[in-house]
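Take a look at the structure below.
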Amino acid sequence: MKKVLFALVIVMLAAGTAFAHSPLCDCFDNGDGTVTCEGGFSDGSSASGVKMHVKDGAGKALLEGKMDEDSEYTFDKPSVDYMVIFDAGEGHSVEVNGKDIVE
């Protein structure tokens with residue numbers, strides 16, 4: 001009986017992992033002085049409302065906002081080195097280096 005109960009617990013834990021989703025975020029330079037980031041989750045979930053942070057090279061906040069209803073966030077491109085952070089909570093964040101954002 002203990003072996004059956006142990007096996008059932010293992011199966012339940014494995015099933016919980018199967019339903020996990022990973023955050024996804026990609027940003028691109030629009031060529032007009034703005035940057036757009038698109039986000040979502042690997043299970044197809046929307047990123048609408050997910051917090052977005054734009055920080056300078058020292059980690060100082062430059063901009064903050066949220067993904068819109070289309071899971072997009074557009075902002076004016078900073079004139080300094082920057083990092084974009086898609087912040088959907090603990091274990092669900094993505095950092096995009098501004099140097100990697102191109103047209």
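Order determines the names: the first chain of the structure tokens is A, the second B, and so forth; residues in each chain are numbered 1 upward, and ligands are numbered 1 upward as they are shown.
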Tell me, as a PDB file with N, CA, C and O atoms, in the first residue's frame, which residues lie within 8 Å of Asp81 in chain A, counting only C-alpha atoms; anything in the same chain fewer than 5 positions away does not count.
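For reference, out-v6.pdb as written:
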```pdb
ATOM      1  N   ASP A  56      18.905  51.344 -16.474  1.00  0.00           N
ATOM      2  CA  ASP A  56      20.184  51.698 -17.084  1.00  0.00           C
ATOM      3  C   ASP A  56      21.250  50.687 -16.667  1.00  0.00           C
ATOM      4  O   ASP A  56      20.969  49.744 -15.925  1.00  0.00           O
ATOM      5  N   GLY A  57      22.470  50.892 -17.133  1.00  0.00           N
ATOM      6  CA  GLY A  57      23.569  49.964 -16.858  1.00  0.00           C
ATOM      7  C   GLY A  57      23.881  49.781 -15.385  1.00  0.00           C
ATOM      8  O   GLY A  57      24.411  48.755 -14.977  1.00  0.00           O
ATOM      9  N   GLY A  98      19.678  45.747 -23.928  1.00  0.00           N
ATOM     10  CA  GLY A  98      19.411  46.719 -24.968  1.00  0.00           C
ATOM     11  C   GLY A  98      20.318  46.572 -26.180  1.00  0.00           C
ATOM     12  O   GLY A  98      19.923  46.877 -27.308  1.00  0.00           O
ATOM     13  N   LYS A  99      21.547  46.097 -25.979  1.00  0.00           N
ATOM     14  CA  LYS A  99      22.480  45.903 -27.091  1.00  0.00           C
ATOM     15  C   LYS A  99      22.010  44.817 -28.058  1.00  0.00           C
ATOM     16  O   LYS A  99      22.418  44.783 -29.212  1.00  0.00           O
TER      17      LYS A  99
END
```
Do you know which residues are at most 7 Å from Val84 in chain A counting only C-alpha atoms, after dropping those on the same chain fewer than 5 positions away, and could you put them as a PDB file with C-alpha atoms, in the first residue's frame?
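Saved to result_13.pdb:
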```
ATOM      1  CA  HIS A  53      11.041  47.624 -16.270  1.00  0.00           C
ATOM      2  CA  VAL A  54      13.676  49.473 -18.269  1.00  0.00           C
ATOM      3  CA  LYS A  55      16.876  50.038 -16.290  1.00  0.00           C
ATOM      4  CA  GLU A  95      15.961  40.122 -19.130  1.00  0.00           C
ATOM      5  CA  VAL A  96      16.754  41.531 -22.558  1.00  0.00           C
ATOM      6  CA  ASN A  97      19.963  43.518 -22.988  1.00  0.00           C
ATOM      7  CA  GLY A  98      19.411  46.719 -24.968  1.00  0.00           C
TER       8      GLY A  98
END
```
| request: Using only C-alpha atoms, find the one residue out of A:Leu63, A:Val35, A:Val50, A:Leu24 that sits nearest to Gly89 in chain A. | output: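 Answer, going by the shortest atom-to-atom distance: A:Val50.
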- Message: Using DSSP assignments from the backbone, pull out every residue in chain A that falls under alpha helix (DSSP H) and give it to me as a VMD selection string.
- Response: chain A and resid 2 to 18
Writer output for current selection, N, CA, C and O atoms, as a PDB file, in the first residue's frame:
```
ATOM      1  N   LYS A   2       1.955   1.257   0.783  1.00  0.00           N
ATOM      2  CA  LYS A   2       2.831   2.424   0.827  1.00  0.00           C
ATOM      3  C   LYS A   2       3.464   2.689  -0.534  1.00  0.00           C
ATOM      4  O   LYS A   2       3.635   3.842  -0.920  1.00  0.00           O
ATOM      5  N   LYS A   3       3.817   1.609  -1.257  1.00  0.00           N
ATOM      6  CA  LYS A   3       4.422   1.779  -2.576  1.00  0.00           C
ATOM      7  C   LYS A   3       3.432   2.419  -3.547  1.00  0.00           C
ATOM      8  O   LYS A   3       3.805   3.272  -4.345  1.00  0.00           O
ATOM      9  N   VAL A   4       2.179   2.031  -3.463  1.00  0.00           N
ATOM     10  CA  VAL A   4       1.157   2.600  -4.346  1.00  0.00           C
ATOM     11  C   VAL A   4       0.952   4.078  -4.023  1.00  0.00           C
ATOM     12  O   VAL A   4       0.874   4.919  -4.920  1.00  0.00           O
ATOM     13  N   LEU A   5       0.891   4.400  -2.739  1.00  0.00           N
ATOM     14  CA  LEU A   5       0.719   5.792  -2.322  1.00  0.00           C
ATOM     15  C   LEU A   5       1.920   6.628  -2.756  1.00  0.00           C
ATOM     16  O   LEU A   5       1.762   7.745  -3.283  1.00  0.00           O
ATOM     17  N   PHE A   6       3.128   6.109  -2.591  1.00  0.00           N
ATOM     18  CA  PHE A   6       4.337   6.809  -3.004  1.00  0.00           C
ATOM     19  C   PHE A   6       4.319   7.050  -4.521  1.00  0.00           C
ATOM     20  O   PHE A   6       4.614   8.156  -4.994  1.00  0.00           O
ATOM     21  N   ALA A   7       3.945   6.041  -5.299  1.00  0.00           N
ATOM     22  CA  ALA A   7       3.880   6.177  -6.752  1.00  0.00           C
ATOM     23  C   ALA A   7       2.845   7.225  -7.152  1.00  0.00           C
ATOM     24  O   ALA A   7       3.069   8.022  -8.067  1.00  0.00           O
ATOM     25  N   LEU A   8       1.713   7.262  -6.465  1.00  0.00           N
ATOM     26  CA  LEU A   8       0.668   8.240  -6.753  1.00  0.00           C
ATOM     27  C   LEU A   8       1.162   9.667  -6.489  1.00  0.00           C
ATOM     28  O   LEU A   8       0.917  10.574  -7.287  1.00  0.00           O
ATOM     29  N   VAL A   9       1.890   9.868  -5.400  1.00  0.00           N
ATOM     30  CA  VAL A   9       2.439  11.184  -5.079  1.00  0.00           C
ATOM     31  C   VAL A   9       3.431  11.616  -6.156  1.00  0.00           C
ATOM     32  O   VAL A   9       3.414  12.766  -6.612  1.00  0.00           O
ATOM     33  N   ILE A  10       4.284  10.721  -6.593  1.00  0.00           N
ATOM     34  CA  ILE A  10       5.267  11.032  -7.643  1.00  0.00           C
ATOM     35  C   ILE A  10       4.554  11.427  -8.938  1.00  0.00           C
ATOM     36  O   ILE A  10       4.926  12.419  -9.578  1.00  0.00           O
ATOM     37  N   VAL A  11       3.524  10.693  -9.313  1.00  0.00           N
ATOM     38  CA  VAL A  11       2.781  11.012 -10.534  1.00  0.00           C
ATOM     39  C   VAL A  11       2.125  12.385 -10.416  1.00  0.00           C
ATOM     40  O   VAL A  11       2.138  13.190 -11.351  1.00  0.00           O
ATOM     41  N   MET A  12       1.568  12.700  -9.260  1.00  0.00           N
ATOM     42  CA  MET A  12       0.917  13.997  -9.062  1.00  0.00           C
ATOM     43  C   MET A  12       1.929  15.138  -9.151  1.00  0.00           C
ATOM     44  O   MET A  12       1.650  16.185  -9.739  1.00  0.00           O
ATOM     45  N   LEU A  13       3.102  14.960  -8.580  1.00  0.00           N
ATOM     46  CA  LEU A  13       4.137  15.990  -8.649  1.00  0.00           C
ATOM     47  C   LEU A  13       4.616  16.188 -10.088  1.00  0.00           C
ATOM     48  O   LEU A  13       4.835  17.314 -10.524  1.00  0.00           O
ATOM     49  N   ALA A  14       4.776  15.104 -10.814  1.00  0.00           N
ATOM     50  CA  ALA A  14       5.214  15.189 -12.205  1.00  0.00           C
ATOM     51  C   ALA A  14       4.153  15.879 -13.056  1.00  0.00           C
ATOM     52  O   ALA A  14       4.463  16.676 -13.942  1.00  0.00           O
ATOM     53  N   ALA A  15       2.889  15.626 -12.784  1.00  0.00           N
ATOM     54  CA  ALA A  15       1.807  16.261 -13.538  1.00  0.00           C
ATOM     55  C   ALA A  15       1.810  17.769 -13.297  1.00  0.00           C
ATOM     56  O   ALA A  15       1.567  18.552 -14.209  1.00  0.00           O
ATOM     57  N   GLY A  16       2.097  18.208 -12.082  1.00  0.00           N
ATOM     58  CA  GLY A  16       2.162  19.638 -11.780  1.00  0.00           C
ATOM     59  C   GLY A  16       3.247  20.317 -12.582  1.00  0.00           C
ATOM     60  O   GLY A  16       3.077  21.434 -13.070  1.00  0.00           O
ATOM     61  N   THR A  17       4.367  19.656 -12.762  1.00  0.00           N
ATOM     62  CA  THR A  17       5.462  20.194 -13.552  1.00  0.00           C
ATOM     63  C   THR A  17       5.071  20.305 -15.025  1.00  0.00           C
ATOM     64  O   THR A  17       5.436  21.257 -15.704  1.00  0.00           O
ATOM     65  N   ALA A  18       4.278  19.369 -15.516  1.00  0.00           N
ATOM     66  CA  ALA A  18       3.869  19.385 -16.913  1.00  0.00           C
ATOM     67  C   ALA A  18       3.005  20.595 -17.232  1.00  0.00           C
ATOM     68  O   ALA A  18       2.951  21.051 -18.364  1.00  0.00           O
TER      69      ALA A  18
END
```
- Message: So that I can check the secondary structure, give me every residue of range 45-101 of chain A assigned strand (DSSP E or B) by backbone DSSP, as a list in words.
- Response: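 The strand (DSSP E or B) subset of range 45-101 of chain A is Lys51, Met52, His53, Val54, Lys55, Asp56, Ala61, Leu62, Leu63, Glu64, Gly65, Lys66, Glu72, Tyr73, Thr74, Phe75, Asp76, Tyr82, Met83, Val84, Ile85, Phe86, Asp87, Ser93, Val94, Glu95, Val96 and Asn97 of chain A.
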Atom pair CA of Ser46 in chain A + CA of Ser22 in chain A, distance 11.8 Å
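When CA of Asp32 in chain A is paired with CA of Asp70 in chain A, their separation reads 20.5 Å.
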Exercise: Gly31 in chain A partners within 10 Å, only C-alpha atoms, chain neighbours under 4 positions left out, as a short mmCIF file (atom, residue, chain, number, x, y, z; two decimals) with C-alpha atoms, in the first residue's frame:
```
data_model
loop_
_atom_site.label_atom_id
_atom_site.label_comp_id
_atom_site.auth_asym_id
_atom_site.auth_seq_id
_atom_site.Cartn_x
_atom_site.Cartn_y
_atom_site.Cartn_z
CA VAL A 35 11.28 49.84 -28.88
CA LYS A 77 14.53 54.03 -26.68
CA VAL A 102 17.93 45.66 -33.23
CA GLU A 103 15.70 46.66 -36.13
#
```
Shortest contact to Leu62 in chain A, candidates A:Thr34, A:Ser48, A:Ser79, A:Ser93, atoms counted only C-alpha atoms, goes to A:Ser79
As a check of understanding: the span from CA of Phe28 in chain A to CA of Glu69 in chain A is 18.4 Å
| If we count only C-alpha atoms, what is near Ala47 in chain A at a cut-off of 10 Å, once residues fewer than 2 positions away on the same chain are taken out, given as a PyMOL selection string? | chain A and resi 23-25+38-41+44-45+49-51+66-72+86-88
